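Shown here: work_31.txt, compact mmCIF, C-alpha atoms.
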# COMPACT_ATOMS: atom_id res chain seq x y z
CA MET N 7 -2.13 21.00 16.63
CA ILE N 8 1.63 20.51 16.93
CA ALA N 9 2.51 17.21 18.59
CA SER N 10 5.90 16.00 19.78
CA ILE N 11 6.66 12.32 19.33
CA PHE N 12 9.67 10.60 20.88
CA HIS N 13 10.70 7.40 19.13
CA ARG N 14 13.96 5.45 19.15
CA GLY N 15 15.81 8.27 20.85
CA LYS N 16 14.64 11.01 18.48
CA GLU N 17 12.00 13.72 18.70
CA TYR N 18 9.61 14.34 15.81
CA LYS N 19 7.16 17.24 15.65
CA THR N 20 4.12 17.15 13.38
CA ASP N 21 0.79 18.88 12.83
CA PHE N 22 -2.04 16.37 13.05
CA PHE N 23 -4.45 18.95 11.60
CA HIS N 24 -2.76 18.64 8.18
CA PRO N 25 -2.98 15.01 7.05
CA ILE N 26 -1.84 13.87 3.60
CA ASP N 27 -4.09 11.05 2.43
CA ILE N 28 -2.17 8.77 0.04
CA SER N 29 -4.96 6.27 -0.54
CA LEU N 30 -6.99 5.93 -3.72
CA PRO N 31 -10.74 6.03 -3.06
CA LEU N 32 -12.89 3.04 -3.86
CA HIS N 33 -15.94 3.72 -5.96
CA SER N 34 -18.10 1.94 -8.49
CA GLY N 35 -17.50 2.55 -12.17
CA ALA N 36 -14.89 1.57 -14.73
CA ASP N 37 -12.67 4.60 -14.00
CA CYS N 38 -11.76 3.39 -10.50
CA VAL N 39 -8.15 2.19 -10.35
CA SER N 40 -7.91 -1.58 -10.67
CA ALA N 41 -5.60 -4.51 -11.35
CA TRP N 42 -5.50 -8.30 -11.56
CA TYR N 43 -8.34 -8.57 -14.06
CA VAL N 44 -11.06 -7.93 -11.47
CA LYS N 45 -14.38 -6.25 -12.19
CA PRO N 46 -15.07 -2.73 -10.88
CA MET N 47 -16.44 -2.51 -7.36
CA GLN N 48 -20.22 -2.85 -7.26
CA ILE N 49 -22.49 -0.96 -4.86
CA GLU N 50 -26.12 -2.05 -5.03
CA PRO N 51 -29.13 -1.44 -2.78
CA VAL N 52 -30.51 -4.42 -0.91
CA ARG N 53 -33.88 -5.55 -2.22
CA MET N 54 -36.32 -7.61 -0.14
CA GLY N 55 -39.71 -8.00 -1.77
CA ASP N 56 -41.12 -4.53 -2.33
CA TRP N 57 -38.53 -2.91 -0.05
CA VAL N 58 -35.39 -1.31 -1.47
CA GLY N 59 -32.40 0.08 0.43
CA ASP N 60 -32.25 3.32 -1.53
CA VAL N 61 -33.91 6.54 -0.36
CA ASN N 62 -34.12 7.84 -3.92
CA GLN N 63 -36.05 4.73 -4.92
CA GLY N 64 -38.55 5.05 -2.08
CA GLY N 65 -36.65 3.27 0.69
CA SER N 66 -36.49 4.62 4.23
CA VAL N 67 -32.67 4.32 4.39
CA ASN N 68 -29.69 3.71 2.15
CA PHE N 69 -28.73 0.07 2.77
CA ARG N 70 -26.29 -1.25 0.18
CA ASN N 71 -24.29 -4.36 -0.61
CA VAL N 72 -20.68 -3.74 -1.63
CA THR N 73 -18.72 -6.26 -3.74
CA PHE N 74 -15.01 -5.78 -4.39
CA ASN N 75 -11.61 -7.46 -4.31
CA PRO N 76 -9.16 -5.82 -1.89
CA HIS N 77 -6.11 -6.71 -4.00
CA GLY N 78 -7.58 -5.55 -7.30
CA ASN N 79 -9.77 -2.60 -6.37
CA GLY N 80 -7.90 0.35 -4.89
CA THR N 81 -5.41 0.89 -2.07
CA HIS N 82 -4.94 -2.10 0.21
CA THR N 83 -2.66 -3.35 2.96
CA GLU N 84 -1.69 -7.02 3.09
CA CYS N 85 0.12 -9.40 5.42
CA VAL N 86 2.02 -12.65 4.94
CA GLY N 87 -1.34 -14.42 4.70
CA HIS N 88 -1.31 -13.31 1.07
CA ILE N 89 1.25 -16.01 0.25
CA SER N 90 1.05 -18.43 3.20
CA LYS N 91 -0.56 -21.86 3.40
CA GLU N 92 -1.68 -20.92 6.89
CA PHE N 93 -4.73 -18.67 7.29
CA ILE N 94 -3.19 -15.44 8.57
CA THR N 95 -5.08 -12.15 8.54
CA ILE N 96 -4.13 -8.50 8.38
CA ASN N 97 -6.27 -7.84 11.46
CA GLN N 98 -4.13 -10.31 13.41
CA CYS N 99 -0.81 -8.98 12.11
CA LEU N 100 -1.09 -5.19 12.12
CA LYS N 101 -1.11 -4.22 15.79
CA ARG N 102 0.63 -0.84 15.57
CA PHE N 103 -0.68 1.89 13.32
CA VAL N 104 1.79 4.79 13.58
CA PHE N 105 5.35 4.69 12.22
CA ILE N 106 8.26 6.87 11.14
CA ALA N 107 8.47 6.69 7.36
CA GLU N 108 10.69 7.92 4.55
CA LEU N 109 9.06 9.01 1.31
CA VAL N 110 11.28 8.48 -1.74
CA THR N 111 10.67 9.12 -5.43
CA ILE N 112 12.19 6.80 -8.01
CA LEU N 113 12.23 6.63 -11.80
CA PRO N 114 12.28 2.86 -12.43
CA ASP N 115 15.17 1.39 -14.39
CA GLN N 116 14.45 -0.46 -17.63
CA LEU N 117 15.83 -3.99 -17.92
CA GLU N 118 16.96 -5.64 -21.15
CA ASN N 119 13.67 -7.54 -21.34
CA GLY N 120 11.71 -4.27 -21.27
CA ASP N 121 10.54 -4.50 -17.65
CA PHE N 122 10.74 -1.43 -15.41
CA VAL N 123 12.00 -2.05 -11.88
CA VAL N 124 12.95 -0.38 -8.61
CA SER N 125 16.52 -1.49 -7.93
CA LYS N 126 18.70 -1.80 -4.84
CA LYS N 127 21.04 0.92 -6.08
CA GLN N 128 18.15 3.36 -6.51
CA LEU N 129 16.89 2.70 -2.98
CA GLU N 130 20.37 3.09 -1.52
CA MET N 131 20.77 6.46 -3.22
CA ALA N 132 17.29 7.65 -2.25
CA LEU N 133 17.56 6.66 1.40
CA GLU N 134 21.10 8.02 1.91
CA ASN N 135 21.93 5.65 4.80
CA SER N 136 18.55 6.19 6.47
CA LYS N 137 17.07 3.05 8.04
CA PRO N 138 13.35 3.78 8.42
CA GLU N 139 10.79 1.38 9.84
CA ALA N 140 8.50 2.27 6.93
CA ILE N 141 9.20 3.35 3.36
CA VAL N 142 6.82 4.98 0.88
CA ILE N 143 7.89 4.57 -2.75
CA ARG N 144 6.51 6.97 -5.35
CA THR N 145 7.40 6.10 -8.95
CA LEU N 146 7.70 8.38 -11.96
CA THR N 147 5.85 9.32 -14.00
CA ASN N 148 3.27 10.39 -11.46
CA GLY N 149 0.46 12.14 -13.30
CA PRO N 150 -3.21 12.15 -12.27
CA ALA N 151 -3.91 9.30 -14.73
CA LYS N 152 -2.36 6.99 -12.11
CA MET N 153 -5.45 7.57 -9.96
CA LYS N 154 -7.67 5.88 -12.57
CA MET N 155 -5.20 3.44 -14.11
CA GLN N 156 -6.38 0.04 -15.31
CA TYR N 157 -3.25 -2.02 -14.66
CA SER N 158 -4.33 -5.43 -15.93
CA ASN N 159 -2.08 -6.69 -18.75
CA THR N 160 0.23 -3.65 -18.55
CA ASN N 161 3.28 -5.23 -16.81
CA PRO N 162 3.72 -2.33 -14.37
CA PRO N 163 7.00 -1.58 -12.55
CA TYR N 164 7.96 -3.83 -9.65
CA ILE N 165 10.70 -4.21 -7.02
CA THR N 166 13.66 -6.50 -7.65
CA ALA N 167 14.50 -9.35 -5.29
CA GLU N 168 17.85 -7.71 -4.52
CA ALA N 169 16.15 -4.42 -3.65
CA MET N 170 13.68 -6.18 -1.39
CA GLN N 171 16.48 -7.97 0.43
CA TYR N 172 18.13 -4.59 0.97
CA LEU N 173 14.94 -3.25 2.58
CA ASN N 174 14.96 -6.27 4.89
CA ASP N 175 18.60 -5.71 5.74
CA ILE N 176 18.01 -2.12 6.87
CA GLY N 177 14.98 -3.05 8.97
CA VAL N 178 12.00 -1.84 6.94
CA GLU N 179 8.82 -3.40 8.31
CA HIS N 180 6.15 -1.54 6.35
CA LEU N 181 6.45 -1.01 2.62
CA LEU N 182 4.10 1.25 0.66
CA PHE N 183 4.23 1.20 -3.15
CA ASP N 184 2.21 3.03 -5.79
CA MET N 185 1.99 0.05 -8.13
CA PRO N 186 -0.37 -2.98 -7.96
CA SER N 187 2.35 -5.31 -6.70
CA VAL N 188 5.92 -5.42 -5.49
CA ASP N 189 6.32 -8.36 -7.90
CA LYS N 190 6.09 -8.69 -11.67
CA GLU N 191 2.53 -9.00 -12.97
CA VAL N 192 3.19 -12.39 -14.61
CA ASP N 193 6.02 -14.28 -12.92
CA GLY N 194 4.74 -17.85 -12.93
CA GLY N 195 3.56 -17.57 -9.33
CA THR N 196 7.05 -17.03 -7.89
CA LEU N 197 6.28 -13.78 -6.01
CA ALA N 198 9.94 -13.49 -5.07
CA ALA N 199 9.76 -10.03 -3.52
CA HIS N 200 6.78 -10.97 -1.34
CA HIS N 201 8.55 -14.08 -0.06
CA ILE N 202 11.77 -12.20 0.65
CA PHE N 203 10.03 -9.38 2.51
CA TRP N 204 8.06 -11.71 4.79
CA GLN N 205 10.87 -14.31 4.94
CA TYR N 206 8.24 -16.96 4.37
CA PRO N 207 8.29 -19.81 5.28
CA GLN N 208 11.78 -20.03 6.83
CA ASN N 209 11.53 -17.11 9.28
CA THR N 210 8.05 -15.64 8.85
CA GLN N 211 7.69 -11.97 9.84
CA LEU N 212 4.07 -11.64 10.91
CA GLN N 213 4.32 -7.96 11.89
CA LYS N 214 5.38 -6.73 8.44
CA THR N 215 2.95 -5.27 5.90
CA ILE N 216 2.87 -4.29 2.24
CA THR N 217 0.52 -1.56 1.03
CA GLU N 218 -0.05 -1.29 -2.71
CA MET N 219 -1.77 1.08 -5.14
CA ILE N 220 -1.20 4.23 -3.15
CA TYR N 221 -0.93 7.67 -4.75
CA VAL N 222 1.40 10.39 -3.44
CA PRO N 223 0.65 13.81 -5.02
CA ASN N 224 3.53 15.59 -6.71
CA ASP N 225 3.40 18.53 -4.29
CA VAL N 226 4.36 16.24 -1.40
CA PHE N 227 8.14 16.35 -1.06
CA ASP N 228 10.46 13.45 -0.29
CA GLY N 229 11.56 13.18 3.32
CA THR N 230 10.57 12.02 6.78
CA TYR N 231 6.91 11.68 7.76
CA ILE N 232 4.74 10.25 10.47
CA LEU N 233 2.75 7.44 8.83
CA ASN N 234 -0.63 6.21 10.03
CA ILE N 235 -1.88 3.00 8.38
CA GLN N 236 -5.64 2.64 8.76
CA ILE N 237 -7.38 -0.62 7.85
CA ALA N 238 -10.80 -2.16 8.27
CA SER N 239 -10.76 -5.03 10.78
CA PHE N 240 -10.90 -7.70 8.09
CA GLU N 241 -10.05 -11.28 9.04
CA ASN N 242 -8.54 -11.67 5.58
CA ASP N 243 -5.03 -11.53 4.16
CA ALA N 244 -5.69 -7.97 2.97
CA SER N 245 -7.93 -5.03 3.72
CA PRO N 246 -8.76 -1.83 1.89
CA SER N 247 -6.68 0.80 3.66
CA LYS N 248 -6.12 4.49 4.17
CA PRO N 249 -2.45 5.34 4.74
CA VAL N 250 -2.00 8.93 5.89
CA LEU N 251 1.22 10.95 6.09
CA TYR N 252 1.97 13.81 8.46
CA LYS N 253 4.91 16.06 7.64
CA VAL N 254 7.64 16.32 10.25
CA VAL N 255 8.07 20.02 11.06
Go ahead and render the structure in this file as structure tokens.
Amino acid sequence: MIASIFHRGKEYKTDFFHPIDISLPLHSGADCVSAWYVKPMQIEPVRMGDWVGDVNQGGSVNFRNVTFNPHGNGTHTECVGHISKEFITINQCLKRFVFIAELVTILPDQLENGDFVVSKKQLEMALENSKPEAIVIRTLTNGPAKMKMQYSNTNPPYITAEAMQYLNDIGVEHLLFDMPSVDKEVDGGTLAAHHIFWQYPQNTQLQKTITEMIYVPNDVFDGTYILNIQIASFENDASPSKPVLYKVV
């Protein structure tokens, strides 16, 4: 299925029969990717007296409770409600679901303090004057271990405040990152990159989203893609999500 999409004066052609899923699946067990010191997701059958919601245990249907944290367990998309005093939800903020995106691959720079970061200079070089409405950042190294990584207490790479301001300046509204956070794991609660991106509270940008803990396979090349961000209709600051790329042909 080859579709033609006209957006901002340009035509993009893509094949919707060949999606590239860049989400990490949620499942129970210690080998599911996680961060922020949360427990693994739990999936348990409902029990009511002698009845159990598990066909293999004699139940008539599978009927399970699921317990997880959207920020700590797997791929998720968040809105400004993540840092705001006001109760703002991703279901209220994300009203469009298809965007033109640039996928870039970056080897984070090491700072004098040992931190690894995505810098403004790196983004400028990777984007080459492109001003996409969405950006997908894949960091190196990018082995399969990233799909099961336990990020708590590892100080993973993050995006500098200067780099985030640059993304604002060129008009990026949807940022996808393959680390647990755009900010440093332990920063005293500053969350500078989050605040800059959403311009909260001075000029709050409700329509903008951040998606974290994605995984872009190595055989997917940098370039322009159609991006579809799929969420559950959670009235919460974040939802587990399924971002999907479609190659522009």
In Å, rounded to a single decimal, give me how far atom CA of N:Thr215 is from atom CA of N:Phe105.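 Atom CA of N:Thr215 lies 12.0 Å from atom CA of N:Phe105.
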Within 7 Å of N:Pro138 using only C-alpha atoms, minus same-chain residues under 3 positions, as an MDAnalysis selection string: chainID N and resid 106:108 141 178
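Compared by their closest atoms to N:Glu17, and using all atoms listed in the file, the residues N:Val61, N:Ile232, N:Ile89, N:Leu100 rank with N:Ile232 nearest.
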Using only C-alpha atoms, which residues sit within 9 Å of N:Glu179 once same-chain residues fewer than 3 positions away are excluded, as a list in words? Pro138, Glu139, Ala140, Ile141, Leu173, Asn174, Phe203, Gln211, Gln213, Lys214, Thr215 and Ile216 of chain N
Extract, using all atoms listed in the file, all DNA, RNA and protein residues at most 6 Å from N:Val123, discarding same-chain residues fewer than 2 positions from it, and format them as a PDB file with C-alpha atoms, keeping the file's coordinate frame.
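The result, stored in around_26.pdb:
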ATOM      1  CA  PRO N 114      12.280   2.860 -12.430  1.00  0.00           C
ATOM      2  CA  ASP N 115      15.170   1.390 -14.390  1.00  0.00           C
ATOM      3  CA  PRO N 163       7.000  -1.580 -12.550  1.00  0.00           C
ATOM      4  CA  TYR N 164       7.960  -3.830  -9.650  1.00  0.00           C
ATOM      5  CA  ILE N 165      10.700  -4.210  -7.020  1.00  0.00           C
TER       6      ILE N 165
END
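Residues in contact with stretch 83-86 of chain N at 6 Å, where all atoms listed in the file are counted and same-chain residues fewer than 4 positions away are skipped, are listed as Ile96, Thr215, Ile216, Thr217, Asp243, Ala244, Ser245 and Ser247 of chain N.
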Based on the selection just made, write C-alpha atoms of those residues as a PDB file, in the frame of the given file.
ATOM      1  CA  ILE N  96      -4.130  -8.500   8.380  1.00  0.00           C
ATOM      2  CA  THR N 215       2.950  -5.270   5.900  1.00  0.00           C
ATOM      3  CA  ILE N 216       2.870  -4.290   2.240  1.00  0.00           C
ATOM      4  CA  THR N 217       0.520  -1.560   1.030  1.00  0.00           C
ATOM      5  CA  ASP N 243      -5.030 -11.530   4.160  1.00  0.00           C
ATOM      6  CA  ALA N 244      -5.690  -7.970   2.970  1.00  0.00           C
ATOM      7  CA  SER N 245      -7.930  -5.030   3.720  1.00  0.00           C
ATOM      8  CA  SER N 247      -6.680   0.800   3.660  1.00  0.00           C
TER       9      SER N 247
END
N:Pro207 surroundings by all atoms listed in the file, 12 Å radius, close-in-sequence under 6 positions cut, as a PDB file with C-alpha atoms, in the frame of the given file:
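Produced file part16.pdb, reproduced below:
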ATOM      1  CA  VAL N  86       2.020 -12.650   4.940  1.00  0.00           C
ATOM      2  CA  GLY N  87      -1.340 -14.420   4.700  1.00  0.00           C
ATOM      3  CA  ILE N  89       1.250 -16.010   0.250  1.00  0.00           C
ATOM      4  CA  SER N  90       1.050 -18.430   3.200  1.00  0.00           C
ATOM      5  CA  LYS N  91      -0.560 -21.860   3.400  1.00  0.00           C
ATOM      6  CA  GLU N  92      -1.680 -20.920   6.890  1.00  0.00           C
ATOM      7  CA  HIS N 200       6.780 -10.970  -1.340  1.00  0.00           C
ATOM      8  CA  HIS N 201       8.550 -14.080  -0.060  1.00  0.00           C
TER       9      HIS N 201
END
Two-atom distance - atom CA of N:Ser10, atom CA of N:Asp27 (Å):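 According to the coordinates, atom CA of N:Ser10 and atom CA of N:Asp27 are separated by 20.6 Å.
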Under the rule that only C-alpha atoms are counted, which of N:Lys190, N:Lys253, N:Lys101, N:Lys154 is the nearest residue to N:Ile235?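 Closest candidate: N:Lys101.
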How would stretch 131-212 of chain N of the given structure read as a file with C-alpha atoms, as a compact mmCIF listing (two decimals), in the first residue's frame?
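What landed in result-v5.txt:
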# COMPACT_ATOMS: atom_id res chain seq x y z
CA MET N 131 25.24 18.22 12.67
CA ALA N 132 22.78 15.33 12.57
CA LEU N 133 19.82 17.39 11.39
CA GLU N 134 21.75 19.37 8.75
CA ASN N 135 19.38 22.38 8.81
CA SER N 136 16.28 20.18 8.83
CA LYS N 137 13.46 21.49 11.04
CA PRO N 138 11.22 18.47 11.68
CA GLU N 139 8.08 18.50 13.80
CA ALA N 140 9.28 15.28 15.43
CA ILE N 141 12.75 13.90 16.13
CA VAL N 142 13.73 10.33 17.01
CA ILE N 143 17.11 10.07 18.76
CA ARG N 144 18.95 6.74 18.72
CA THR N 145 22.08 6.64 20.87
CA LEU N 146 25.17 4.46 20.49
CA THR N 147 25.95 1.84 21.49
CA ASN N 148 22.72 0.22 20.35
CA GLY N 149 22.99 -3.50 20.98
CA PRO N 150 20.09 -5.83 21.84
CA ALA N 151 20.97 -5.54 25.55
CA LYS N 152 19.24 -2.15 25.45
CA MET N 153 15.93 -3.98 25.08
CA LYS N 154 16.33 -5.54 28.54
CA MET N 155 18.37 -2.85 30.28
CA GLN N 156 17.85 -2.16 33.98
CA TYR N 157 18.63 1.57 34.07
CA SER N 158 18.21 2.31 37.77
CA ASN N 159 21.42 3.70 39.32
CA THR N 160 23.29 3.69 35.98
CA ASN N 161 23.28 7.45 35.19
CA PRO N 162 22.28 6.95 31.54
CA PRO N 163 22.89 9.55 28.81
CA TYR N 164 20.62 12.59 28.72
CA ILE N 165 20.01 15.74 26.67
CA THR N 166 21.65 19.02 27.65
CA ALA N 167 19.59 22.13 28.36
CA GLU N 168 21.27 23.90 25.44
CA ALA N 169 20.39 21.04 23.08
CA MET N 170 16.79 21.06 24.25
CA GLN N 171 16.53 24.79 23.66
CA TYR N 172 17.84 24.22 20.14
CA LEU N 173 15.07 21.67 19.49
CA ASN N 174 12.55 24.26 20.67
CA ASP N 175 14.07 26.90 18.43
CA ILE N 176 13.70 24.77 15.29
CA GLY N 177 10.10 23.84 16.11
CA VAL N 178 10.29 20.23 17.31
CA GLU N 179 7.04 19.30 19.03
CA HIS N 180 7.50 15.57 19.58
CA LEU N 181 10.75 14.16 20.93
CA LEU N 182 11.49 10.44 21.05
CA PHE N 183 14.55 9.22 22.95
CA ASP N 184 15.92 5.74 23.62
CA MET N 185 16.94 6.49 27.20
CA PRO N 186 14.75 6.59 30.36
CA SER N 187 14.76 10.38 30.51
CA VAL N 188 15.80 13.49 28.64
CA ASP N 189 17.24 14.65 31.99
CA LYS N 190 20.01 13.34 34.24
CA GLU N 191 18.93 10.46 36.47
CA VAL N 192 19.80 12.34 39.68
CA ASP N 193 19.63 16.11 39.23
CA GLY N 194 18.08 17.24 42.50
CA GLY N 195 14.63 17.50 40.91
CA THR N 196 15.60 20.25 38.45
CA LEU N 197 14.45 18.45 35.27
CA ALA N 198 15.86 21.29 33.19
CA ALA N 199 15.34 19.68 29.79
CA HIS N 200 11.71 18.82 30.55
CA HIS N 201 10.97 22.38 31.66
CA ILE N 202 12.69 23.89 28.62
CA PHE N 203 10.90 21.64 26.14
CA TRP N 204 7.43 22.35 27.55
CA GLN N 205 8.30 25.98 28.44
CA TYR N 206 6.63 25.39 31.78
CA PRO N 207 5.27 27.42 33.52
CA GLN N 208 5.98 30.65 31.60
CA ASN N 209 4.59 29.62 28.18
CA THR N 210 3.30 26.07 28.56
CA GLN N 211 3.18 24.02 25.35
CA LEU N 212 0.35 21.55 25.91
